[in-house]
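Note sheet for the following structure.
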Amino acid sequence: MGEQEWGQWLGRFTGTNQGDLTLNIDGDSDLFGDLVISDDNDKNPSFHADADFKINGKHITGILDNFYPCSYNLDLTTSTKEQSESPKKGSITGILNKDYIKGNLEIDIGIKVSFDICKFESDKQKKCDKEMSWKIFKNWALKKKLKNPNLIFRGHSNNKYNLRTTFHRNNRRDLGRYSSEDIPTLAHHISAITGRKYNINDPEEHGELLNLAQHYGYPTPLLDWTDSPHIAAYFAFSRITKYTGNNKEKIRIFLFDAGKWHDHDKQREVRNIDNPRPSFSALFLGLRDNKRALPQQSIVTCSNIYNIEKFIENSEKIDRKKYLTKIDIPTSDRDDAMEELQYMGITEASLFPGLDGTCISLKERYF
């Protein structure tokens, strides 16, 4: 794999076994990535493997080693590597054709399969479901929430911005590397500041650590949502400079039916970042040391997918159900919306307790 081939590749394998195949290659890893082999049969183990590739024209060859079972908790370092039939070596061959790879995979415990994977990445803007004014949205969204308490919301200051975690925005895809290399260092530094030691081998404390880091700008595979459509609107409108809104540019508010998503298929409710299957799920994480989460009515989702919207759209087509709704509002409504949100008690000071939030709130009011 090379400069144009790094990223996330998803597909299926069939043969002696069958299941999902995911290849994650970080932007700085060049010819090295993480291959995730997820068997459809839950009695068979699912594995991570280091994949070291060579490419010659369209022909790809790779060596697989350092296998370890997916841990199904928040810390990859606690995987049960001592399982009786753990692979040691494997090989992969394939043909690269633009954004598709078709090939064969062999692992030394008797697994011999063929596979097809495609690059699951796109920055193309997704169309909105509805366009409306702030005046209409503020009442429409509230009625939707009262009718369906399971709706959660997220606001973007530009409708061209797709749903994407900060981990994936930073050219990272390999969550195995993230957990083994990055998280221990993060825990060490945050513990020094908070005076609290985080046990990253404990799923709950690992989740609390990521949730806290997310709210202070550290890249994570989490995505912040809120229970309030008005707080989501604040996060979208507040990032636009005062007096600069116009009718051509739009903010976007996402509505996601977390209850319907969970009820249809409980396997989609993933409570860890080491799920071997492509996943997107709402999490309920601890809030200790996290003073911002409660005022923001924060709900957190976790995903190992780069293109979250495409993943949800594919499920909607298969299930014939609507999970995600996208609403666009012109930025010309920005100043009116911010004034009304202030009278609702939604300000920078209320959402970000502290001196910085207070000063930004006062700036919005008086300047």
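In the structure tokens, chains take letters A, B, ... by order of appearance, with residues numbered from 1 within each chain and ligands from 1 in the order shown.
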Legend entry - Secondary structure check, strand (DSSP E or B) residues of stretch 220-354 of chain A, as a PyMOL selection string: chain A and resi 222-226+250-257+280-283+298-303+324-330
Put those residues in a file: C-alpha atoms, as an mmCIF file, in the first residue's frame.
```cif
data_model
loop_
_atom_site.group_PDB
_atom_site.id
_atom_site.type_symbol
_atom_site.label_atom_id
_atom_site.label_comp_id
_atom_site.auth_asym_id
_atom_site.auth_seq_id
_atom_site.Cartn_x
_atom_site.Cartn_y
_atom_site.Cartn_z
ATOM 1 C CA LEU A 222 -15.827 9.333 20.298
ATOM 2 C CA LEU A 223 -18.301 11.795 18.837
ATOM 3 C CA ASP A 224 -20.156 14.270 21.089
ATOM 4 C CA TRP A 225 -23.932 14.602 20.823
ATOM 5 C CA THR A 226 -26.465 16.241 23.101
ATOM 6 C CA LYS A 250 -25.849 26.724 6.003
ATOM 7 C CA ILE A 251 -25.305 25.155 9.376
ATOM 8 C CA ARG A 252 -26.347 21.524 9.833
ATOM 9 C CA ILE A 253 -28.134 19.844 12.737
ATOM 10 C CA PHE A 254 -28.078 16.040 12.892
ATOM 11 C CA LEU A 255 -30.900 14.095 14.563
ATOM 12 C CA PHE A 256 -30.076 10.466 15.338
ATOM 13 C CA ASP A 257 -32.613 7.945 16.647
ATOM 14 C CA PHE A 280 -21.317 2.957 15.534
ATOM 15 C CA SER A 281 -22.937 3.068 18.949
ATOM 16 C CA ALA A 282 -24.075 5.338 21.765
ATOM 17 C CA LEU A 283 -22.129 4.935 25.007
ATOM 18 C CA SER A 298 -23.712 15.253 26.531
ATOM 19 C CA ILE A 299 -24.298 11.870 24.903
ATOM 20 C CA VAL A 300 -21.279 10.121 23.429
ATOM 21 C CA THR A 301 -21.092 7.824 20.436
ATOM 22 C CA CYS A 302 -18.144 5.615 19.568
ATOM 23 C CA SER A 303 -17.180 4.418 16.109
ATOM 24 C CA LEU A 324 -30.315 9.832 10.781
ATOM 25 C CA THR A 325 -31.936 13.124 9.744
ATOM 26 C CA LYS A 326 -29.968 16.152 8.513
ATOM 27 C CA ILE A 327 -31.428 19.665 8.836
ATOM 28 C CA ASP A 328 -29.825 22.735 7.207
ATOM 29 C CA ILE A 329 -30.455 26.275 8.480
ATOM 30 C CA PRO A 330 -29.093 29.427 6.782
#
```
Inset, instruction - List the neighbours of A:Glu121 out to 10 Å using only C-alpha atoms; skip same-chain residues closer than 4 positions along the sequence, and give me the result as an NGL selection string. - result: :A and (7-10 or 99 or 305-308 or 310)
Legend entry - Sel. of helix (DSSP H, G or I) residues, stretch 179-310 of chain A, as a PyMOL selection string: chain A and resi 179-194+203-214+229-237+258-264+266-268+308-310
Inset, instruction - Rank A:Glu181, A:Glu309, A:Glu204, A:Asp333 by their smallest atom-to-atom distance to A:Ile240, using only C-alpha atoms, and report the top residue only. - result: A:Asp333
Legend entry - Within 6 Å of stretch 163-177 of chain A using only C-alpha atoms, minus same-chain residues under 6 positions, as a ChimeraX atom specification: /A:24-27,219-223,306
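Put simply, atom CA of A:Gly354 is 12.2 Å away from atom CA of A:Pro295.
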Legend entry - Point-to-point distance from atom CA of A:Ile346 to atom CA of A:Lys126, Å rounded to tenths: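 About the pair atom CA of A:Ile346 and atom CA of A:Lys126: they are 28.5 Å apart.
Comparing the minimum interatomic distances between A:Ser122 and each of A:Phe311, A:Ser38, A:Ile136, A:Ile107, counting only C-alpha atoms, we find that A:Phe311 sits nearest.
Counting only C-alpha atoms and comparing A:Lys321, A:Ser350, A:Ala213, A:Lys112, the residue that lies closest to A:His189 is A:Ala213.
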Legend entry - Non-local contacts of A:Asn104 (7 Å; only C-alpha atoms; under 5 positions in same chain excluded) as a ChimeraX atom specification: /A:92-94,113-115
Set the distance at 12 Å and use only C-alpha atoms: which residues neighbour A:Gly245 once local chain neighbours fewer than 4 positions away are removed? I'd like the list as a PDB file with N, CA, C and O atoms, in the first residue's frame.
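The result, written out as part_15.pdb:
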```pdb
ATOM      1  N   SER A 157     -21.169  23.835  12.176  1.00  0.00           N
ATOM      2  CA  SER A 157     -21.242  25.221  11.702  1.00  0.00           C
ATOM      3  C   SER A 157     -21.240  25.318  10.177  1.00  0.00           C
ATOM      4  O   SER A 157     -21.508  26.380   9.620  1.00  0.00           O
ATOM      5  N   ASN A 158     -20.969  24.205   9.496  1.00  0.00           N
ATOM      6  CA  ASN A 158     -20.927  24.184   8.033  1.00  0.00           C
ATOM      7  C   ASN A 158     -21.549  22.869   7.567  1.00  0.00           C
ATOM      8  O   ASN A 158     -21.143  21.789   8.022  1.00  0.00           O
ATOM      9  N   PHE A 237     -24.197  27.489  15.522  1.00  0.00           N
ATOM     10  CA  PHE A 237     -24.241  28.930  15.268  1.00  0.00           C
ATOM     11  C   PHE A 237     -23.089  29.695  15.919  1.00  0.00           C
ATOM     12  O   PHE A 237     -22.596  30.676  15.362  1.00  0.00           O
ATOM     13  N   SER A 238     -22.641  29.257  17.091  1.00  0.00           N
ATOM     14  CA  SER A 238     -21.646  30.033  17.840  1.00  0.00           C
ATOM     15  C   SER A 238     -20.281  30.050  17.165  1.00  0.00           C
ATOM     16  O   SER A 238     -19.461  30.917  17.460  1.00  0.00           O
ATOM     17  N   ARG A 239     -20.037  29.103  16.273  1.00  0.00           N
ATOM     18  CA  ARG A 239     -18.741  29.046  15.578  1.00  0.00           C
ATOM     19  C   ARG A 239     -18.721  29.960  14.350  1.00  0.00           C
ATOM     20  O   ARG A 239     -17.726  30.025  13.640  1.00  0.00           O
ATOM     21  N   ILE A 240     -19.827  30.659  14.094  1.00  0.00           N
ATOM     22  CA  ILE A 240     -19.906  31.606  12.982  1.00  0.00           C
ATOM     23  C   ILE A 240     -19.723  33.014  13.534  1.00  0.00           C
ATOM     24  O   ILE A 240     -20.324  33.378  14.548  1.00  0.00           O
ATOM     25  N   THR A 241     -18.895  33.801  12.892  1.00  0.00           N
ATOM     26  CA  THR A 241     -18.627  35.162  13.357  1.00  0.00           C
ATOM     27  C   THR A 241     -19.891  36.013  13.289  1.00  0.00           C
ATOM     28  O   THR A 241     -20.658  35.942  12.328  1.00  0.00           O
ATOM     29  N   GLU A 249     -24.899  30.139   2.772  1.00  0.00           N
ATOM     30  CA  GLU A 249     -24.187  29.189   3.633  1.00  0.00           C
ATOM     31  C   GLU A 249     -25.126  28.656   4.715  1.00  0.00           C
ATOM     32  O   GLU A 249     -25.985  29.373   5.217  1.00  0.00           O
ATOM     33  N   LYS A 250     -24.933  27.383   5.072  1.00  0.00           N
ATOM     34  CA  LYS A 250     -25.849  26.724   6.003  1.00  0.00           C
ATOM     35  C   LYS A 250     -25.091  26.068   7.152  1.00  0.00           C
ATOM     36  O   LYS A 250     -23.958  25.592   6.987  1.00  0.00           O
ATOM     37  N   ILE A 251     -25.745  26.048   8.312  1.00  0.00           N
ATOM     38  CA  ILE A 251     -25.305  25.155   9.376  1.00  0.00           C
ATOM     39  C   ILE A 251     -26.061  23.844   9.194  1.00  0.00           C
ATOM     40  O   ILE A 251     -27.011  23.756   8.407  1.00  0.00           O
ATOM     41  N   ILE A 329     -29.883  24.972   8.131  1.00  0.00           N
ATOM     42  CA  ILE A 329     -30.455  26.275   8.480  1.00  0.00           C
ATOM     43  C   ILE A 329     -29.498  27.347   7.964  1.00  0.00           C
ATOM     44  O   ILE A 329     -28.284  27.239   8.164  1.00  0.00           O
ATOM     45  N   PRO A 330     -29.996  28.393   7.300  1.00  0.00           N
ATOM     46  CA  PRO A 330     -29.093  29.427   6.782  1.00  0.00           C
ATOM     47  C   PRO A 330     -28.358  30.164   7.898  1.00  0.00           C
ATOM     48  O   PRO A 330     -28.925  30.435   8.959  1.00  0.00           O
ATOM     49  N   THR A 331     -27.096  30.488   7.645  1.00  0.00           N
ATOM     50  CA  THR A 331     -26.302  31.197   8.656  1.00  0.00           C
ATOM     51  C   THR A 331     -26.803  32.618   8.870  1.00  0.00           C
ATOM     52  O   THR A 331     -26.426  33.262   9.851  1.00  0.00           O
ATOM     53  N   SER A 332     -27.659  33.108   7.984  1.00  0.00           N
ATOM     54  CA  SER A 332     -28.247  34.440   8.185  1.00  0.00           C
ATOM     55  C   SER A 332     -29.122  34.491   9.434  1.00  0.00           C
ATOM     56  O   SER A 332     -29.404  35.576   9.958  1.00  0.00           O
ATOM     57  N   ASP A 333     -29.539  33.326   9.945  1.00  0.00           N
ATOM     58  CA  ASP A 333     -30.336  33.264  11.171  1.00  0.00           C
ATOM     59  C   ASP A 333     -29.470  33.276  12.428  1.00  0.00           C
ATOM     60  O   ASP A 333     -30.000  33.224  13.544  1.00  0.00           O
ATOM     61  N   ARG A 334     -28.157  33.350  12.244  1.00  0.00           N
ATOM     62  CA  ARG A 334     -27.226  33.195  13.349  1.00  0.00           C
ATOM     63  C   ARG A 334     -27.482  34.154  14.512  1.00  0.00           C
ATOM     64  O   ARG A 334     -27.620  33.736  15.673  1.00  0.00           O
ATOM     65  N   ASP A 335     -27.567  35.441  14.264  1.00  0.00           N
ATOM     66  CA  ASP A 335     -27.645  36.416  15.343  1.00  0.00           C
ATOM     67  C   ASP A 335     -28.968  36.323  16.097  1.00  0.00           C
ATOM     68  O   ASP A 335     -28.998  36.425  17.328  1.00  0.00           O
ATOM     69  N   ASP A 336     -30.065  36.121  15.377  1.00  0.00           N
ATOM     70  CA  ASP A 336     -31.356  35.944  16.045  1.00  0.00           C
ATOM     71  C   ASP A 336     -31.354  34.690  16.909  1.00  0.00           C
ATOM     72  O   ASP A 336     -31.866  34.693  18.038  1.00  0.00           O
ATOM     73  N   ALA A 337     -30.792  33.602  16.380  1.00  0.00           N
ATOM     74  CA  ALA A 337     -30.748  32.351  17.131  1.00  0.00           C
ATOM     75  C   ALA A 337     -29.908  32.496  18.396  1.00  0.00           C
ATOM     76  O   ALA A 337     -30.320  32.050  19.484  1.00  0.00           O
ATOM     77  N   MET A 338     -28.742  33.126  18.282  1.00  0.00           N
ATOM     78  CA  MET A 338     -27.868  33.282  19.439  1.00  0.00           C
ATOM     79  C   MET A 338     -28.517  34.140  20.524  1.00  0.00           C
ATOM     80  O   MET A 338     -28.362  33.877  21.726  1.00  0.00           O
TER      81      MET A 338
END
```
Inset, instruction - Select, from A:His188, A:Arg365, A:Lys322, A:Lys317, the residue with the minimum atom-to-atom distance to A:Leu341, counting only C-alpha atoms. - result: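 Ranking A:His188, A:Arg365, A:Lys322, A:Lys317 by distance to A:Leu341, first place goes to A:Arg365.
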Inset, instruction - Rank nothing, just name the residue among A:Ile109, A:Ala236, A:Ile231, A:Leu294 nearest to A:Asn211, using only C-alpha atoms. - result: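 Distance minimum relative to A:Asn211 lands on A:Leu294.
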Inset, instruction - Grab the atom CA of A:Ala49 to atom CA of A:Phe32 distance for me, in Å with one decimal place. - result: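 Going from atom CA of A:Ala49 over to atom CA of A:Phe32 covers 10.7 Å.
Nearest residue to A:Gln297, choosing from A:Asn199, A:Ser46, A:Ser228, A:Asn162 and counting only C-alpha atoms: A:Ser228.
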